[in-house]
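Chemist: Structure file structure_16.txt (compact mmCIF, C-alpha atoms) right here:
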```txt
# COMPACT_ATOMS: atom_id res chain seq x y z
CA MET A 2 -7.48 53.23 4.17
CA LYS A 3 -7.88 55.77 6.97
CA ASN A 4 -10.91 53.98 8.41
CA LYS A 5 -9.10 50.64 8.31
CA ILE A 6 -6.07 52.07 10.16
CA GLU A 7 -8.29 53.62 12.81
CA GLU A 8 -10.13 50.33 13.20
CA ILE A 9 -6.82 48.48 13.70
CA ILE A 10 -5.61 51.01 16.29
CA ILE A 11 -8.84 50.68 18.24
CA GLU A 12 -8.71 46.89 18.10
CA VAL A 13 -5.07 46.84 19.24
CA LEU A 14 -5.83 49.30 22.05
CA THR A 15 -8.77 47.21 23.21
CA GLU A 16 -6.62 44.05 23.28
CA LEU A 17 -3.80 45.89 25.02
CA ASN A 18 -6.17 47.22 27.64
CA GLU A 19 -7.20 43.71 28.64
CA GLU A 20 -3.73 43.64 30.18
CA LEU A 21 -3.35 47.30 31.21
CA GLU A 22 -6.89 47.74 32.60
CA LYS A 23 -6.88 51.54 32.20
CA GLU A 24 -10.27 53.15 32.55
CA ALA A 25 -9.36 55.83 30.00
CA LEU A 26 -8.83 53.12 27.39
CA ASN A 27 -12.23 51.48 27.80
CA ASN A 28 -14.16 51.89 24.52
CA PRO A 29 -11.46 53.87 22.66
CA THR A 30 -12.48 56.33 19.91
CA LYS A 31 -10.57 58.59 17.55
CA ASP A 32 -10.33 61.18 20.33
CA THR A 33 -8.83 58.84 22.93
CA LYS A 34 -5.64 60.35 24.32
CA LEU A 35 -2.68 57.99 24.18
CA TYR A 36 0.71 59.32 25.22
CA GLY A 37 1.98 62.54 26.78
CA GLY A 38 -0.03 65.05 28.80
CA SER A 39 -3.17 63.33 30.01
CA GLY A 40 -2.60 60.29 27.76
CA ALA A 41 -3.44 56.90 29.24
CA LEU A 42 -0.21 55.13 28.30
CA ASP A 43 3.10 55.20 30.14
CA SER A 44 6.32 54.58 28.21
CA LEU A 45 6.08 50.78 28.53
CA GLY A 46 2.47 50.92 27.39
CA LEU A 47 3.49 52.97 24.37
CA VAL A 48 6.21 50.42 23.52
CA SER A 49 3.59 47.65 23.60
CA LEU A 50 1.18 49.65 21.44
CA ILE A 51 3.87 50.43 18.85
CA THR A 52 5.00 46.81 18.70
CA ASP A 53 1.49 45.42 18.33
CA LEU A 54 0.56 48.02 15.73
CA GLU A 55 3.67 47.43 13.61
CA GLU A 56 2.80 43.76 13.40
CA ARG A 57 -0.89 44.28 12.63
CA ILE A 58 -0.20 46.97 10.02
CA SER A 59 2.45 44.79 8.44
CA ASP A 60 -0.01 41.87 8.20
CA GLU A 61 -2.93 43.97 6.97
CA PHE A 62 -1.11 46.11 4.39
CA ASP A 63 1.83 43.83 3.60
CA ASN A 64 4.21 46.66 4.45
CA ASP A 65 6.96 46.39 7.08
CA ILE A 66 6.71 49.79 8.73
CA ILE A 67 8.68 51.15 11.68
CA LEU A 68 6.48 53.48 13.72
CA ALA A 69 9.14 54.78 16.08
CA ASP A 70 11.26 56.37 13.39
CA GLU A 71 13.29 59.55 13.57
CA LYS A 72 10.49 61.70 12.19
CA ALA A 73 7.96 60.49 14.75
CA MET A 74 10.33 61.03 17.63
CA SER A 75 11.40 64.52 16.57
CA GLN A 76 8.01 65.99 15.69
CA ARG A 77 7.01 68.92 17.87
CA THR A 78 3.53 67.49 18.25
CA SER A 79 3.85 63.76 18.79
CA PRO A 80 1.89 61.50 16.43
CA PHE A 81 1.27 59.28 19.45
CA ARG A 82 -0.85 61.86 21.30
CA ASN A 83 -4.24 60.41 20.31
CA VAL A 84 -5.87 57.85 18.03
CA GLU A 85 -6.61 60.37 15.30
CA SER A 86 -3.06 61.76 15.09
CA LEU A 87 -1.67 58.23 15.05
CA THR A 88 -4.07 57.25 12.25
CA ILE A 89 -2.94 60.17 10.10
CA TYR A 90 0.70 59.42 10.84
CA ILE A 91 0.40 55.75 9.87
CA GLN A 92 -1.50 56.64 6.71
CA LYS A 93 1.32 58.99 5.69
CA ILE A 94 3.91 56.25 6.22
CA LEU A 95 1.90 53.77 4.17
CA GLU A 96 1.37 56.22 1.33
CA LYS A 97 5.10 56.94 0.98
CA MET B 10 8.01 22.66 22.45
CA LYS B 11 10.89 23.17 20.03
CA LYS B 12 12.98 26.21 20.89
CA VAL B 13 13.42 28.82 18.18
CA LEU B 14 16.86 30.43 17.97
CA LEU B 15 17.89 33.30 15.75
CA ILE B 16 21.66 33.39 15.24
CA THR B 17 23.41 36.03 13.14
CA GLY B 18 26.55 35.24 11.15
CA THR B 19 25.95 31.53 10.57
CA ARG B 20 27.82 30.98 7.31
CA LYS B 21 31.08 29.98 9.00
CA GLY B 22 33.06 29.98 12.23
CA ILE B 23 31.45 29.97 15.65
CA GLY B 24 28.03 31.02 14.32
CA LYS B 25 27.88 27.99 12.03
CA GLU B 26 29.04 25.63 14.77
CA LEU B 27 26.47 27.02 17.20
CA ALA B 28 23.69 26.72 14.61
CA GLU B 29 24.61 23.09 13.93
CA TYR B 30 24.87 22.34 17.64
CA TYR B 31 21.39 23.73 18.43
CA LEU B 32 19.94 21.99 15.36
CA SER B 33 21.39 18.72 16.71
CA LEU B 34 19.47 19.35 19.93
CA GLY B 35 16.23 19.56 17.95
CA CYS B 36 15.83 23.34 17.91
CA ASN B 37 14.65 25.45 14.99
CA VAL B 38 17.46 27.77 13.93
CA ILE B 39 17.16 30.86 11.77
CA GLY B 40 20.46 32.23 10.57
CA CYS B 41 21.82 34.91 8.30
CA SER B 42 24.96 36.12 6.61
CA ARG B 43 25.87 38.35 3.72
CA SER B 44 26.34 35.35 1.45
CA PRO B 45 24.36 32.17 0.84
CA GLY B 46 24.01 29.78 3.76
CA THR B 47 26.06 26.61 4.13
CA ILE B 48 23.79 24.63 6.46
CA VAL B 49 21.33 22.14 5.04
CA ASN B 50 18.68 21.05 7.54
CA SER B 51 14.89 21.10 7.39
CA CYS B 52 14.80 22.99 10.71
CA TYR B 53 17.17 25.68 9.43
CA ARG B 54 16.27 28.87 7.54
CA HIS B 55 18.86 31.18 6.05
CA TYR B 56 18.59 34.84 5.13
CA GLU B 57 21.12 36.64 2.99
CA LEU B 58 21.38 40.11 4.45
CA ASP B 59 23.57 42.79 5.92
CA VAL B 60 22.84 42.94 9.66
CA SER B 61 22.93 46.74 9.53
CA ASN B 62 20.18 46.93 6.90
CA GLU B 63 17.13 47.90 8.96
CA LYS B 64 14.53 46.92 6.37
CA ASP B 65 15.99 43.44 5.84
CA VAL B 66 16.35 42.80 9.58
CA VAL B 67 12.73 43.86 10.23
CA ASN B 68 11.56 41.58 7.43
CA MET B 69 13.59 38.59 8.63
CA VAL B 70 12.24 38.87 12.17
CA ARG B 71 8.63 39.32 11.02
CA VAL B 72 8.76 36.38 8.62
CA THR B 73 10.31 34.24 11.38
CA LYS B 74 7.56 35.27 13.81
CA LYS B 75 4.94 34.37 11.21
CA GLU B 76 6.42 30.94 10.52
CA PHE B 77 7.38 29.84 14.03
CA GLY B 78 5.13 32.02 16.19
CA ARG B 79 7.94 32.87 18.61
CA ILE B 80 11.67 33.50 19.05
CA ASP B 81 13.16 32.18 22.28
CA VAL B 82 16.83 33.03 21.83
CA LEU B 83 18.80 35.64 19.92
CA LEU B 84 22.56 35.20 19.53
CA ASN B 85 24.08 38.39 18.09
CA ASN B 86 27.06 36.49 16.79
CA ALA B 87 27.86 38.34 13.53
CA GLY B 88 30.99 40.39 13.89
CA ILE B 89 34.00 41.72 12.04
CA ALA B 90 37.42 42.58 13.41
CA SER B 91 40.21 44.82 12.27
CA MET B 92 43.62 45.38 13.73
CA ASN B 93 45.30 48.66 13.01
CA HIS B 94 46.88 51.62 14.77
CA PHE B 95 44.06 54.14 15.10
CA LEU B 96 46.15 56.80 13.35
CA THR B 97 46.18 54.71 10.22
CA THR B 98 42.61 53.46 10.39
CA PRO B 99 40.40 54.63 7.50
CA TYR B 100 37.08 56.20 8.51
CA LYS B 101 35.28 53.75 6.23
CA THR B 102 36.74 50.84 8.23
CA VAL B 103 35.39 52.34 11.44
CA GLN B 104 31.96 52.69 9.86
CA ASN B 105 31.99 49.09 8.63
CA ILE B 106 33.01 47.72 12.02
CA PHE B 107 30.35 49.70 13.87
CA ASN B 108 27.74 48.82 11.25
CA THR B 109 28.15 45.09 11.69
CA ASN B 110 29.13 44.87 15.34
CA PHE B 111 27.08 47.54 17.06
CA PHE B 112 24.29 48.60 14.68
CA GLY B 113 23.60 44.97 13.76
CA THR B 114 23.36 44.02 17.43
CA PHE B 115 21.08 46.99 18.05
CA LEU B 116 18.71 46.22 15.17
CA PHE B 117 18.33 42.53 15.94
CA SER B 118 17.96 43.17 19.68
CA ARG B 119 15.24 45.75 19.04
CA GLU B 120 13.23 43.74 16.56
CA VAL B 121 13.53 40.39 18.36
CA SER B 122 12.72 41.99 21.73
CA LYS B 123 9.40 43.12 20.23
CA VAL B 124 8.55 39.46 19.65
CA MET B 125 9.94 38.33 23.01
CA MET B 126 8.09 40.96 25.03
CA LYS B 127 4.77 39.63 23.79
CA GLN B 128 5.63 36.04 24.66
CA LYS B 129 7.01 37.28 28.00
CA PHE B 130 10.17 35.26 27.56
CA GLY B 131 13.48 35.77 25.85
CA ARG B 132 17.20 35.25 26.03
CA ILE B 133 19.56 37.58 24.20
CA VAL B 134 23.29 36.96 24.10
CA ASN B 135 25.59 39.61 22.68
CA TYR B 136 29.25 39.26 21.82
CA THR B 137 32.06 41.34 23.18
CA THR B 138 35.78 40.52 23.36
CA VAL B 139 38.59 40.36 25.85
CA ALA B 140 40.22 43.09 23.73
CA SER B 141 37.71 45.51 25.23
CA ALA B 142 38.57 44.67 28.85
CA LEU B 143 42.30 44.59 28.13
CA ARG B 144 42.34 47.90 26.19
CA LEU B 145 44.54 46.20 23.61
CA GLU B 146 46.71 48.45 21.47
CA GLY B 147 45.92 47.99 17.79
CA GLU B 148 42.32 47.05 18.44
CA ALA B 149 40.95 50.47 19.38
CA ILE B 150 38.06 50.45 16.91
CA TYR B 151 37.09 46.79 17.22
CA ALA B 152 37.22 47.03 21.03
CA ALA B 153 35.29 50.33 21.01
CA SER B 154 32.50 48.73 18.98
CA LYS B 155 32.39 45.90 21.52
CA GLY B 156 32.60 48.35 24.42
CA ALA B 157 29.46 49.95 23.01
CA ILE B 158 27.82 46.51 22.95
CA GLU B 159 28.74 45.92 26.61
CA ASN B 160 27.14 49.16 27.75
CA PHE B 161 24.14 48.56 25.50
CA THR B 162 23.74 45.03 26.90
CA GLN B 163 23.66 46.23 30.48
CA THR B 164 21.30 49.13 29.85
CA ILE B 165 18.75 47.25 27.74
CA SER B 166 18.84 44.37 30.23
CA LYS B 167 17.09 46.81 32.59
CA GLU B 168 14.67 48.04 29.92
CA VAL B 169 13.44 44.58 28.96
CA ALA B 170 13.60 42.95 32.40
CA PRO B 171 9.85 43.55 33.01
CA TYR B 172 9.13 41.22 30.08
CA ASN B 173 11.21 38.33 31.41
CA ILE B 174 13.88 38.89 28.77
CA THR B 175 17.50 38.53 29.84
CA VAL B 176 20.39 40.15 28.00
CA ASN B 177 23.97 39.09 28.64
CA ALA B 178 27.26 39.17 26.78
CA ILE B 179 30.10 36.75 26.28
CA GLY B 180 33.66 37.99 25.75
CA PRO B 181 35.65 35.25 24.06
CA THR B 182 39.41 35.10 23.94
CA PRO B 183 40.90 34.50 20.50
CA VAL B 184 39.49 31.37 18.93
CA GLU B 185 41.17 29.97 15.84
CA THR B 186 38.66 31.20 13.25
CA ASP B 187 38.78 33.45 10.17
CA LEU B 188 38.24 36.47 12.39
CA ILE B 189 41.83 36.41 13.64
CA LYS B 190 43.65 34.85 10.69
CA ALA B 191 45.07 38.22 9.61
CA VAL B 192 46.35 39.11 13.07
CA PRO B 193 50.15 38.67 13.45
CA LYS B 194 51.09 35.58 15.49
CA ASP B 195 53.20 37.53 18.02
CA LYS B 196 50.22 39.81 18.76
CA ILE B 197 48.02 36.81 19.45
CA ALA B 198 50.74 35.33 21.68
CA ASP B 199 50.92 38.63 23.63
CA LEU B 200 47.17 38.57 24.08
CA LEU B 201 47.06 34.96 25.28
CA ASP B 202 49.78 35.87 27.77
CA LYS B 203 47.48 38.48 29.34
CA GLN B 204 44.86 35.84 30.14
CA ALA B 205 44.89 33.97 33.46
CA ILE B 206 44.57 30.74 31.46
CA LYS B 207 46.96 31.10 28.53
CA ARG B 208 45.43 29.23 25.62
CA PHE B 209 43.11 29.79 22.68
CA GLY B 210 39.42 29.62 23.43
CA THR B 211 37.45 26.79 21.86
CA PHE B 212 33.96 26.41 20.54
CA GLU B 213 33.17 24.29 23.62
CA ASP B 214 34.19 27.19 25.92
CA ILE B 215 31.80 29.54 24.13
CA LYS B 216 28.98 27.02 23.93
CA ASN B 217 29.24 26.40 27.67
CA VAL B 218 28.64 30.07 28.54
CA ILE B 219 25.87 30.47 25.97
CA ASP B 220 24.13 27.32 27.22
CA PHE B 221 24.22 28.82 30.71
CA PHE B 222 22.88 32.22 29.60
CA ILE B 223 19.99 30.77 27.61
CA ASP B 224 18.99 28.09 30.10
CA ASP B 225 15.41 28.45 31.36
CA LYS B 226 16.82 28.34 34.88
CA SER B 227 19.01 31.44 34.22
CA ASN B 228 16.06 33.81 34.57
CA PHE B 229 17.87 35.75 37.33
CA ILE B 230 21.04 36.24 35.27
CA THR B 231 20.99 39.45 33.23
CA GLY B 232 23.25 42.37 32.32
CA GLN B 233 26.34 40.21 32.85
CA ILE B 234 29.53 40.29 30.81
CA VAL B 235 31.47 37.02 31.02
CA TYR B 236 35.02 37.05 29.64
CA LEU B 237 36.68 33.74 28.97
CA GLY B 238 40.19 32.81 30.05
CA GLY B 239 40.28 34.76 33.30
CA VAL B 240 40.25 38.28 31.83
CA HIS B 241 38.55 41.08 33.70
CA ASN B 242 38.11 44.85 33.62
```
Spell out the structure here as structure tokens.

Modeler:
Amino acid sequence: MKNKIEEIIIEVLTELNEELEKEALNNPTKDTKLYGGSGALDSLGLVSLITDLEERISDEFDNDIILADEKAMSQRTSPFRNVESLTIYIQKILEK
Amino acid sequence: MKKVLLITGTRKGIGKELAEYYLSLGCNVIGCSRSPGTIVNSCYRHYELDVSNEKDVVNMVRVTKKEFGRIDVLLNNAGIASMNHFLTTPYKTVQNIFNTNFFGTFLFSREVSKVMMKQKFGRIVNYTTVASALRLEGEAIYAASKGAIENFTQTISKEVAPYNITVNAIGPTPVETDLIKAVPKDKIADLLDKQAIKRFGTFEDIKNVIDFFIDDKSNFITGQIVYLGGVHN
């Protein structure tokens, strides 16, 4: 499941970057920084990523998840900081 | 291309009339209410849900997106009213009013905006009331829930403007529907007297403003609150 989630995140990021054209998001990997600090996304970019991911995850796993929930927003280390942390976070939600 | 409208609270009253009106124009309409739907039309879909149930709202919007591919217009029409002195208003009543009026508007706006931002087009119309502008005694909680909607409307209109989504609100005067049937007649008469034009609102009055807000040409109209009957803050 983890590999599939990571694959989806990378696909979504690649599609999103066709619009954003950020150099840091060319050829994303599990280490690609997303949001906060030196992350490549601004707040509007993060909103687009979350929206696209919710739809793709819902289609792929037949599970209507909300990524921007209270837990995600209150965690000391944001699950949106890089691809790997986001993968782990989504996996946890799906396994609930 | 057929427009796709999502209208909450379509079982009766203004929501039902609006749904039937837009169906008559050839639109696809997706509606909801807490009880079974009352509209039969091949272009109409009905969901039985509580607008403050996050899971059900998310599901309704996602299924709609899957079937129709887009959502052009959201009318956050579902609402409940209650008239009571605030000192004798049960806490549970306050929760129910905010659940339907504000939290329902929030959830549908959030989920539908996610669809609209990708299609780079959307029209959201929220519902307030003249009771909010008039600070009507006896309607503290109802008007407060609508006051929250007004502020929310104007703030999110800025947040979604980059995606070509407009968000406006209509503030009807009393219309003769179930929503006001429990309100004493003299109170309604007092309210009508505070309007510049002293009569009940009609479905046509509401439809006129909504048609204007959702028109393709209204892409420079956002964050506006339009009260009917000549009421203002």

Chemist: What are the closest atom pairs, with distances in Å to one decimal, for all residues of chain B lying within 8 Å of chain A? Consider all atoms listed in the file, order rows by chain and residue number, and present the result as CSV.

Modeler:
```
residue,atom,partner,partner_atom,distance
B:Lys64,CA,A:Asp65,CA,7.6
B:Val67,CA,A:Asp65,CA,7.0
B:Asn68,CA,A:Asp65,CA,6.7
B:Arg71,CA,A:Glu56,CA,7.7
B:Lys123,CA,A:Thr52,CA,5.9
```

Chemist: In file coordinates, which residues lie within 12 Å of (-10.1, 50.9, 15.0) using only C-alpha atoms, given as a short mmCIF file (atom, residue, chain, number, x, y, z; two decimals) with C-alpha atoms, keeping the file's coordinate frame?

Modeler:
```cif
data_model
loop_
_atom_site.label_atom_id
_atom_site.label_comp_id
_atom_site.auth_asym_id
_atom_site.auth_seq_id
_atom_site.Cartn_x
_atom_site.Cartn_y
_atom_site.Cartn_z
CA MET A 2 -7.48 53.23 4.17
CA LYS A 3 -7.88 55.77 6.97
CA ASN A 4 -10.91 53.98 8.41
CA LYS A 5 -9.10 50.64 8.31
CA ILE A 6 -6.07 52.07 10.16
CA GLU A 7 -8.29 53.62 12.81
CA GLU A 8 -10.13 50.33 13.20
CA ILE A 9 -6.82 48.48 13.70
CA ILE A 10 -5.61 51.01 16.29
CA ILE A 11 -8.84 50.68 18.24
CA GLU A 12 -8.71 46.89 18.10
CA VAL A 13 -5.07 46.84 19.24
CA LEU A 14 -5.83 49.30 22.05
CA THR A 15 -8.77 47.21 23.21
CA GLU A 16 -6.62 44.05 23.28
CA ASN A 28 -14.16 51.89 24.52
CA PRO A 29 -11.46 53.87 22.66
CA THR A 30 -12.48 56.33 19.91
CA LYS A 31 -10.57 58.59 17.55
CA ASP A 32 -10.33 61.18 20.33
CA THR A 33 -8.83 58.84 22.93
CA LEU A 54 0.56 48.02 15.73
CA ARG A 57 -0.89 44.28 12.63
CA ILE A 58 -0.20 46.97 10.02
CA VAL A 84 -5.87 57.85 18.03
CA GLU A 85 -6.61 60.37 15.30
CA LEU A 87 -1.67 58.23 15.05
CA THR A 88 -4.07 57.25 12.25
#
```

Chemist: Set the distance at 10 Å and use only C-alpha atoms: which residues neighbour Ile179 (chain B) once local chain neighbours fewer than 2 positions away are removed? I'd like the list as a PyMOL selection string.

Modeler: chain B and resi 86+134-139+159+177+181-182+215+218-219+222+233-237

Chemist: Measure the distance from CA of Glu168 (chain B) to CA of Val103 (chain B) in Å and round it to one decimal.

Modeler: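 Distance between the two atoms: 28.1 Å.
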
Chemist: At a cut-off of 10 Å, using only C-alpha atoms, what residues contact region 34-36 of chain B? Leave out same-chain residues fewer than 4 positions from it and give the result as a PyMOL selection string.

Modeler: chain B and resi 10-14+28-30+52-53

Chemist: Based on the selection just made, write C-alpha atoms of those residues as a PDB file, in the frame of the given file.

Modeler:
```
ATOM      1  CA  MET B  10       8.010  22.660  22.450  1.00  0.00           C
ATOM      2  CA  LYS B  11      10.890  23.170  20.030  1.00  0.00           C
ATOM      3  CA  LYS B  12      12.980  26.210  20.890  1.00  0.00           C
ATOM      4  CA  VAL B  13      13.420  28.820  18.180  1.00  0.00           C
ATOM      5  CA  LEU B  14      16.860  30.430  17.970  1.00  0.00           C
ATOM      6  CA  ALA B  28      23.690  26.720  14.610  1.00  0.00           C
ATOM      7  CA  GLU B  29      24.610  23.090  13.930  1.00  0.00           C
ATOM      8  CA  TYR B  30      24.870  22.340  17.640  1.00  0.00           C
ATOM      9  CA  CYS B  52      14.800  22.990  10.710  1.00  0.00           C
ATOM     10  CA  TYR B  53      17.170  25.680   9.430  1.00  0.00           C
TER      11      TYR B  53
END
```

Chemist: Can you work out the spacing between CA of Ile165 (chain B) and CA of Thr231 (chain B) in Å, to one decimal?

Modeler: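 That distance, rounded to one decimal, is 9.8 Å.
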
Chemist: Can you tell me how far CA of Ser91 (chain B) sits from CA of Val70 (chain B), in Å to one decimal?

Modeler: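 A separation of 28.6 Å between them.
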
Chemist: Using all atoms listed in the file, which of the listed residues (B:Gly24, B:Gly78, B:Gly18, B:Gly239) sits closest to Leu58 (chain B)?

Modeler: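 Nearest to Leu58 (chain B): B:Gly18.
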
Chemist: So, counting only C-alpha atoms, which residue among B:Gly131, B:Gly232, B:Pro171, B:Gly210 is closest to Asp81 (chain B)?

Modeler: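 That would be B:Gly131, the residue with the smallest distance to Asp81 (chain B).
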
Chemist: Counting only C-alpha atoms, find residues at most 12 Å from (13.9, 32.3, 22.3) (file frame) and give them as a ChimeraX atom specification.

Modeler: /B:10-16,36-39,73-74,77-84,118,121-134,173-176,222-225

Chemist: Counting only C-alpha atoms, what is within 12 Å of region 193-202 of chain B, bar same-chain residues fewer than 4 positions away, as a JSON list (two decimals) with C-alpha atoms, in the frame of the given file?

Modeler:
```json
[["chain", "number", "residue", "atom", "x", "y", "z"],
["B", 91, "SER", "CA", 40.21, 44.82, 12.27],
["B", 92, "MET", "CA", 43.62, 45.38, 13.73],
["B", 93, "ASN", "CA", 45.30, 48.66, 13.01],
["B", 138, "THR", "CA", 35.78, 40.52, 23.36],
["B", 139, "VAL", "CA", 38.59, 40.36, 25.85],
["B", 140, "ALA", "CA", 40.22, 43.09, 23.73],
["B", 141, "SER", "CA", 37.71, 45.51, 25.23],
["B", 142, "ALA", "CA", 38.57, 44.67, 28.85],
["B", 143, "LEU", "CA", 42.30, 44.59, 28.13],
["B", 144, "ARG", "CA", 42.34, 47.90, 26.19],
["B", 145, "LEU", "CA", 44.54, 46.20, 23.61],
["B", 146, "GLU", "CA", 46.71, 48.45, 21.47],
["B", 147, "GLY", "CA", 45.92, 47.99, 17.79],
["B", 148, "GLU", "CA", 42.32, 47.05, 18.44],
["B", 181, "PRO", "CA", 35.65, 35.25, 24.06],
["B", 182, "THR", "CA", 39.41, 35.10, 23.94],
["B", 183, "PRO", "CA", 40.90, 34.50, 20.50],
["B", 184, "VAL", "CA", 39.49, 31.37, 18.93],
["B", 185, "GLU", "CA", 41.17, 29.97, 15.84],
["B", 189, "ILE", "CA", 41.83, 36.41, 13.64],
["B", 206, "ILE", "CA", 44.57, 30.74, 31.46],
["B", 207, "LYS", "CA", 46.96, 31.10, 28.53],
["B", 208, "ARG", "CA", 45.43, 29.23, 25.62],
["B", 209, "PHE", "CA", 43.11, 29.79, 22.68],
["B", 210, "GLY", "CA", 39.42, 29.62, 23.43],
["B", 237, "LEU", "CA", 36.68, 33.74, 28.97],
["B", 238, "GLY", "CA", 40.19, 32.81, 30.05],
["B", 239, "GLY", "CA", 40.28, 34.76, 33.30],
["B", 240, "VAL", "CA", 40.25, 38.28, 31.83]]
```
